[in-house]
Amino acid sequence: MDYPTSPSLLNRHSVKVDLMPEKKGLPFLKHVQYEITTKRYRLPVHRSYKDFDVFRTLLIQRFPYRMVSQLPPKRMLKGVLSSQSEEDFIECRRRGLERFITLIIQHPFMSKDAMVDIFLCASAEDVKKKLRESFKNLGDEFLTNWSACQAKDYLPSDVEDQVASCREFIGNIESSFQHLRDKMERMTQRSNEHATDLQLFSHELGMLGHCLGPKQEHVQRVWSTQRRYLRRMSKEFTTLVTKAEQKQESLKEMDVLDILNMFVDLLHAYKELWDRYEHSMFIEHQKALLQNSTSNLRQGATTANSLAFSDILGVQQVESNLTKQENAIVIMELRNDFSLLCLYQETQLFLGHLPLVTQILAGFIRTQGQVHAEMGALWSELGFKLTSLREPSCSPDPEPDEILSPSSSSELCSVSSLASSSGFLVPSIHGDPSISPSRPSSCPSTQVKQIPHPSPQNRSQHR
């Protein structure tokens with residue numbers, strides 16, 4: 001009765017939930033409908049969020065002892081979402097619905113149920129009605145499962161200890177996986193926002209490339225060269241944005257995040273199953289057993305007192321009631337065993353998906369490494385293009401030996417002479433005031449001719 005240990009979440013492309021083509025442009029949540037396509041059912045079906053809600057409600061009633069994952073949020077506060085955030089919310093909800101259907105059709109028992117077939121193949125107009133009729137005819141899983149009467153034979157001797165330890169283990173790791181999911185979503189969001197920032201950076205470079213400089217001739221000559229480079233680099237950055245978006249899509253970084261979200265959905269579904277088992281199912285079963293036992297004692301006492309005053313028909317009726325009560329007690333005991341068996345099976349199912357943890361981590365590291373490697377190559381290519389575009393006289397990072405060379409300082413000398421003639425103090429080229437002024441300059445307009453001071457003998461001769 002154990003589940004296979006091989007994880008089935010890796011085969012997550014067996015179902016696809018997408019927005020209907022005619023509904024993609026609508027910004028209102030109430031008009032959003034979804035198109036479901038699976039490998040088992042080739043023809044797509046159209047479903048609304050309300051269809052998913054009804055299906056999940058009936059699925060919990062049909063399989064009260066199985067893990068049924070939660071649906072994504074139905075709506076958010078009105079007036080809070082902008083057009084862009086509403087589109088993001090719809091996309092997030094679409095991914096959540098796809099994960100919900102994926103977990104259902106890959107479950108060993110729920111995937112074979114008639115209700116799942118109805119949801120995945122019935123027409124949009126009849127799906128709710130057919131789902132309710134199917135549940136009314138079938139009832140819960142206990143009434144149709146062949147192992148319900150033999151559940152006690154398949155239970156291990158320490159089944160209660162096993163499921164209790166697994167419950168404690170899941171309670172310890174749940175918060176950590178939620179934090180991992182949140183951090184990964186933030187990192188993925190930053191990767192998506194990086195392309196937007198590059199686009200804005202490219203736009204600002206283009207604006208600078210069309211900005212005119214002052215009217216001075218020498219400054220205009222220098223700035224016109226910079227403007228030309230800025231305009232060219234703006235185009236190169238636009239190309240970089242396109243390549244970055246293509247790399248992000250080709251690496252499918254969101255797939256790793258979706259698998260992590262599915263694992264977190266399993267954690268929530270297992271906790272919810274424990275809550276149903278402990279607070280509702282188990283308590284109701286104990287109450288029913290107690291009531292039936294008390295009623296059985298009362299009927300026994302009533303029968304002993306009324307044998308002398310009842311006829312044969314009355315005795316048969318009392319015996320019939322006792323038989324029904326005994327059958328009810330037996331059924332309740334079988335249901336208790338079956339619910340515990342289902343809980344044990346769902347525990348094994350969850351533990352069988354634990355190898356996904358390292359696979360999710362490996363996939364995330366691989367995608368992040370590929371993204372950074374590809375982006376690093378693109379940035380290196382961009383730097384090479386900038387080097388090939390610039391002229392030697394406009395090198396932004398000249399070598400120290402080339403700072404005072406005639407080819408590299410002609411424009412700087414012209415700007416310095418212009419600033420000196422305008423009354424501005426021009427600092428030394430190296431930024432060090434201790435540089436000797438007698439060092440020859442490559443700019444003729446700034447060369448200072450040194451006049452030798454007369455010696456004492458020359459002064460006397462002069463007198």
# chains A, B, ... in the order shown; residues from 1 in each chain; ligands from 1
>>> residues_around(residues="range 135-138 of chain A", least_positions_apart="3", cutoff="8 Å", atoms="only C-alpha atoms", output="list in words")
Leu58, Arg62, Met115, Leu131, Arg132, Leu143 and Thr144 of chain A
>>> residues_around(residues="Asp113 in chain A", least_positions_apart="6", cutoff="12 Å", atoms="only C-alpha atoms", output="VMD selection string")
chain A and resid 59 62 to 63 104 to 107 119 to 120 131 134 to 135 138 to 141 144 to 145
>>> select_by_dssp(residues="range 66-309 of chain A", states="alpha helix (DSSP H)", output="count of residues only")
181
>>> closest_residue(among="A:Val54, A:Ala195, A:Leu103, A:Val127", to="Phe237 in chain A", atoms="only C-alpha atoms")
A:Ala195
>>> decode(residues="range 98-177 of chain A", atoms="C-alpha atoms", output="PDB file, in the first residue's frame")
ATOM      1  CA  GLU A  98      -1.989  25.095 -12.729  1.00  0.00           C
ATOM      2  CA  ARG A  99      -0.181  23.756  -9.674  1.00  0.00           C
ATOM      3  CA  PHE A 100      -3.519  22.765  -8.107  1.00  0.00           C
ATOM      4  CA  ILE A 101      -4.594  20.743 -11.157  1.00  0.00           C
ATOM      5  CA  THR A 102      -1.125  19.211 -11.499  1.00  0.00           C
ATOM      6  CA  LEU A 103      -1.199  17.882  -7.941  1.00  0.00           C
ATOM      7  CA  ILE A 104      -4.692  16.468  -8.470  1.00  0.00           C
ATOM      8  CA  ILE A 105      -4.017  14.603 -11.714  1.00  0.00           C
ATOM      9  CA  GLN A 106      -0.740  13.181 -10.364  1.00  0.00           C
ATOM     10  CA  HIS A 107      -2.300  11.855  -7.157  1.00  0.00           C
ATOM     11  CA  PRO A 108      -2.473   8.028  -7.153  1.00  0.00           C
ATOM     12  CA  PHE A 109      -6.156   7.874  -6.139  1.00  0.00           C
ATOM     13  CA  MET A 110      -7.798  11.198  -6.966  1.00  0.00           C
ATOM     14  CA  SER A 111      -6.524  11.175 -10.552  1.00  0.00           C
ATOM     15  CA  LYS A 112      -8.595   8.043 -11.306  1.00  0.00           C
ATOM     16  CA  ASP A 113     -11.845   9.398  -9.905  1.00  0.00           C
ATOM     17  CA  ALA A 114     -14.878  10.185 -12.048  1.00  0.00           C
ATOM     18  CA  MET A 115     -15.110  13.722 -10.661  1.00  0.00           C
ATOM     19  CA  VAL A 116     -11.682  14.573 -12.081  1.00  0.00           C
ATOM     20  CA  ASP A 117     -12.733  13.218 -15.472  1.00  0.00           C
ATOM     21  CA  ILE A 118     -15.858  15.357 -15.390  1.00  0.00           C
ATOM     22  CA  PHE A 119     -13.935  18.493 -14.494  1.00  0.00           C
ATOM     23  CA  LEU A 120     -11.418  17.944 -17.287  1.00  0.00           C
ATOM     24  CA  CYS A 121     -13.814  17.017 -20.082  1.00  0.00           C
ATOM     25  CA  ALA A 122     -17.332  18.362 -19.370  1.00  0.00           C
ATOM     26  CA  SER A 123     -18.634  21.496 -21.057  1.00  0.00           C
ATOM     27  CA  ALA A 124     -18.415  24.794 -19.217  1.00  0.00           C
ATOM     28  CA  GLU A 125     -22.206  25.040 -18.827  1.00  0.00           C
ATOM     29  CA  ASP A 126     -22.694  21.576 -17.292  1.00  0.00           C
ATOM     30  CA  VAL A 127     -19.566  21.130 -15.213  1.00  0.00           C
ATOM     31  CA  LYS A 128     -20.983  22.290 -11.849  1.00  0.00           C
ATOM     32  CA  LYS A 129     -24.190  20.288 -12.231  1.00  0.00           C
ATOM     33  CA  LYS A 130     -22.380  17.111 -13.260  1.00  0.00           C
ATOM     34  CA  LEU A 131     -19.888  17.427 -10.420  1.00  0.00           C
ATOM     35  CA  ARG A 132     -22.660  17.657  -7.819  1.00  0.00           C
ATOM     36  CA  GLU A 133     -24.530  14.723  -9.338  1.00  0.00           C
ATOM     37  CA  SER A 134     -21.388  12.621  -9.374  1.00  0.00           C
ATOM     38  CA  PHE A 135     -20.683  13.259  -5.695  1.00  0.00           C
ATOM     39  CA  LYS A 136     -24.307  12.546  -4.803  1.00  0.00           C
ATOM     40  CA  ASN A 137     -24.117   9.154  -6.519  1.00  0.00           C
ATOM     41  CA  LEU A 138     -20.664   8.159  -5.247  1.00  0.00           C
ATOM     42  CA  GLY A 139     -20.390   9.578  -1.735  1.00  0.00           C
ATOM     43  CA  ASP A 140     -17.032   9.765  -0.019  1.00  0.00           C
ATOM     44  CA  GLU A 141     -14.055   7.520  -0.715  1.00  0.00           C
ATOM     45  CA  PHE A 142     -14.834   5.121   2.125  1.00  0.00           C
ATOM     46  CA  LEU A 143     -17.946   3.876   0.323  1.00  0.00           C
ATOM     47  CA  THR A 144     -16.137   3.077  -2.951  1.00  0.00           C
ATOM     48  CA  ASN A 145     -12.599   2.091  -1.988  1.00  0.00           C
ATOM     49  CA  TRP A 146     -11.962  -1.656  -2.063  1.00  0.00           C
ATOM     50  CA  SER A 147      -9.527  -1.493   0.887  1.00  0.00           C
ATOM     51  CA  ALA A 148     -11.994   0.176   3.276  1.00  0.00           C
ATOM     52  CA  CYS A 149     -13.018  -3.143   4.876  1.00  0.00           C
ATOM     53  CA  GLN A 150      -9.424  -4.380   5.165  1.00  0.00           C
ATOM     54  CA  ALA A 151      -7.686  -1.165   6.203  1.00  0.00           C
ATOM     55  CA  LYS A 152      -6.622  -2.535   9.570  1.00  0.00           C
ATOM     56  CA  ASP A 153      -4.659  -5.347   7.911  1.00  0.00           C
ATOM     57  CA  TYR A 154      -2.474  -2.847   6.010  1.00  0.00           C
ATOM     58  CA  LEU A 155      -1.661  -0.609   8.960  1.00  0.00           C
ATOM     59  CA  PRO A 156       1.818  -0.928  10.512  1.00  0.00           C
ATOM     60  CA  SER A 157       1.982  -1.580  14.219  1.00  0.00           C
ATOM     61  CA  ASP A 158       3.580   1.821  14.906  1.00  0.00           C
ATOM     62  CA  VAL A 159       1.479   3.800  12.436  1.00  0.00           C
ATOM     63  CA  GLU A 160       0.451   6.423  14.982  1.00  0.00           C
ATOM     64  CA  ASP A 161       4.059   7.129  15.935  1.00  0.00           C
ATOM     65  CA  GLN A 162       5.076   7.413  12.281  1.00  0.00           C
ATOM     66  CA  VAL A 163       2.404   9.913  11.296  1.00  0.00           C
ATOM     67  CA  ALA A 164       2.920  11.896  14.502  1.00  0.00           C
ATOM     68  CA  SER A 165       6.669  12.215  13.877  1.00  0.00           C
ATOM     69  CA  CYS A 166       6.027  13.255  10.269  1.00  0.00           C
ATOM     70  CA  ARG A 167       3.577  15.875  11.449  1.00  0.00           C
ATOM     71  CA  GLU A 168       6.188  17.306  13.820  1.00  0.00           C
ATOM     72  CA  PHE A 169       8.801  17.239  11.051  1.00  0.00           C
ATOM     73  CA  ILE A 170       6.549  19.130   8.633  1.00  0.00           C
ATOM     74  CA  GLY A 171       5.732  21.697  11.298  1.00  0.00           C
ATOM     75  CA  ASN A 172       9.467  22.341  11.777  1.00  0.00           C
ATOM     76  CA  ILE A 173      10.345  22.779   8.106  1.00  0.00           C
ATOM     77  CA  GLU A 174       7.246  24.620   6.905  1.00  0.00           C
ATOM     78  CA  SER A 175       8.334  28.121   7.929  1.00  0.00           C
ATOM     79  CA  SER A 176      11.823  27.608   6.464  1.00  0.00           C
ATOM     80  CA  PHE A 177      10.428  26.576   3.095  1.00  0.00           C
TER      81      PHE A 177
END
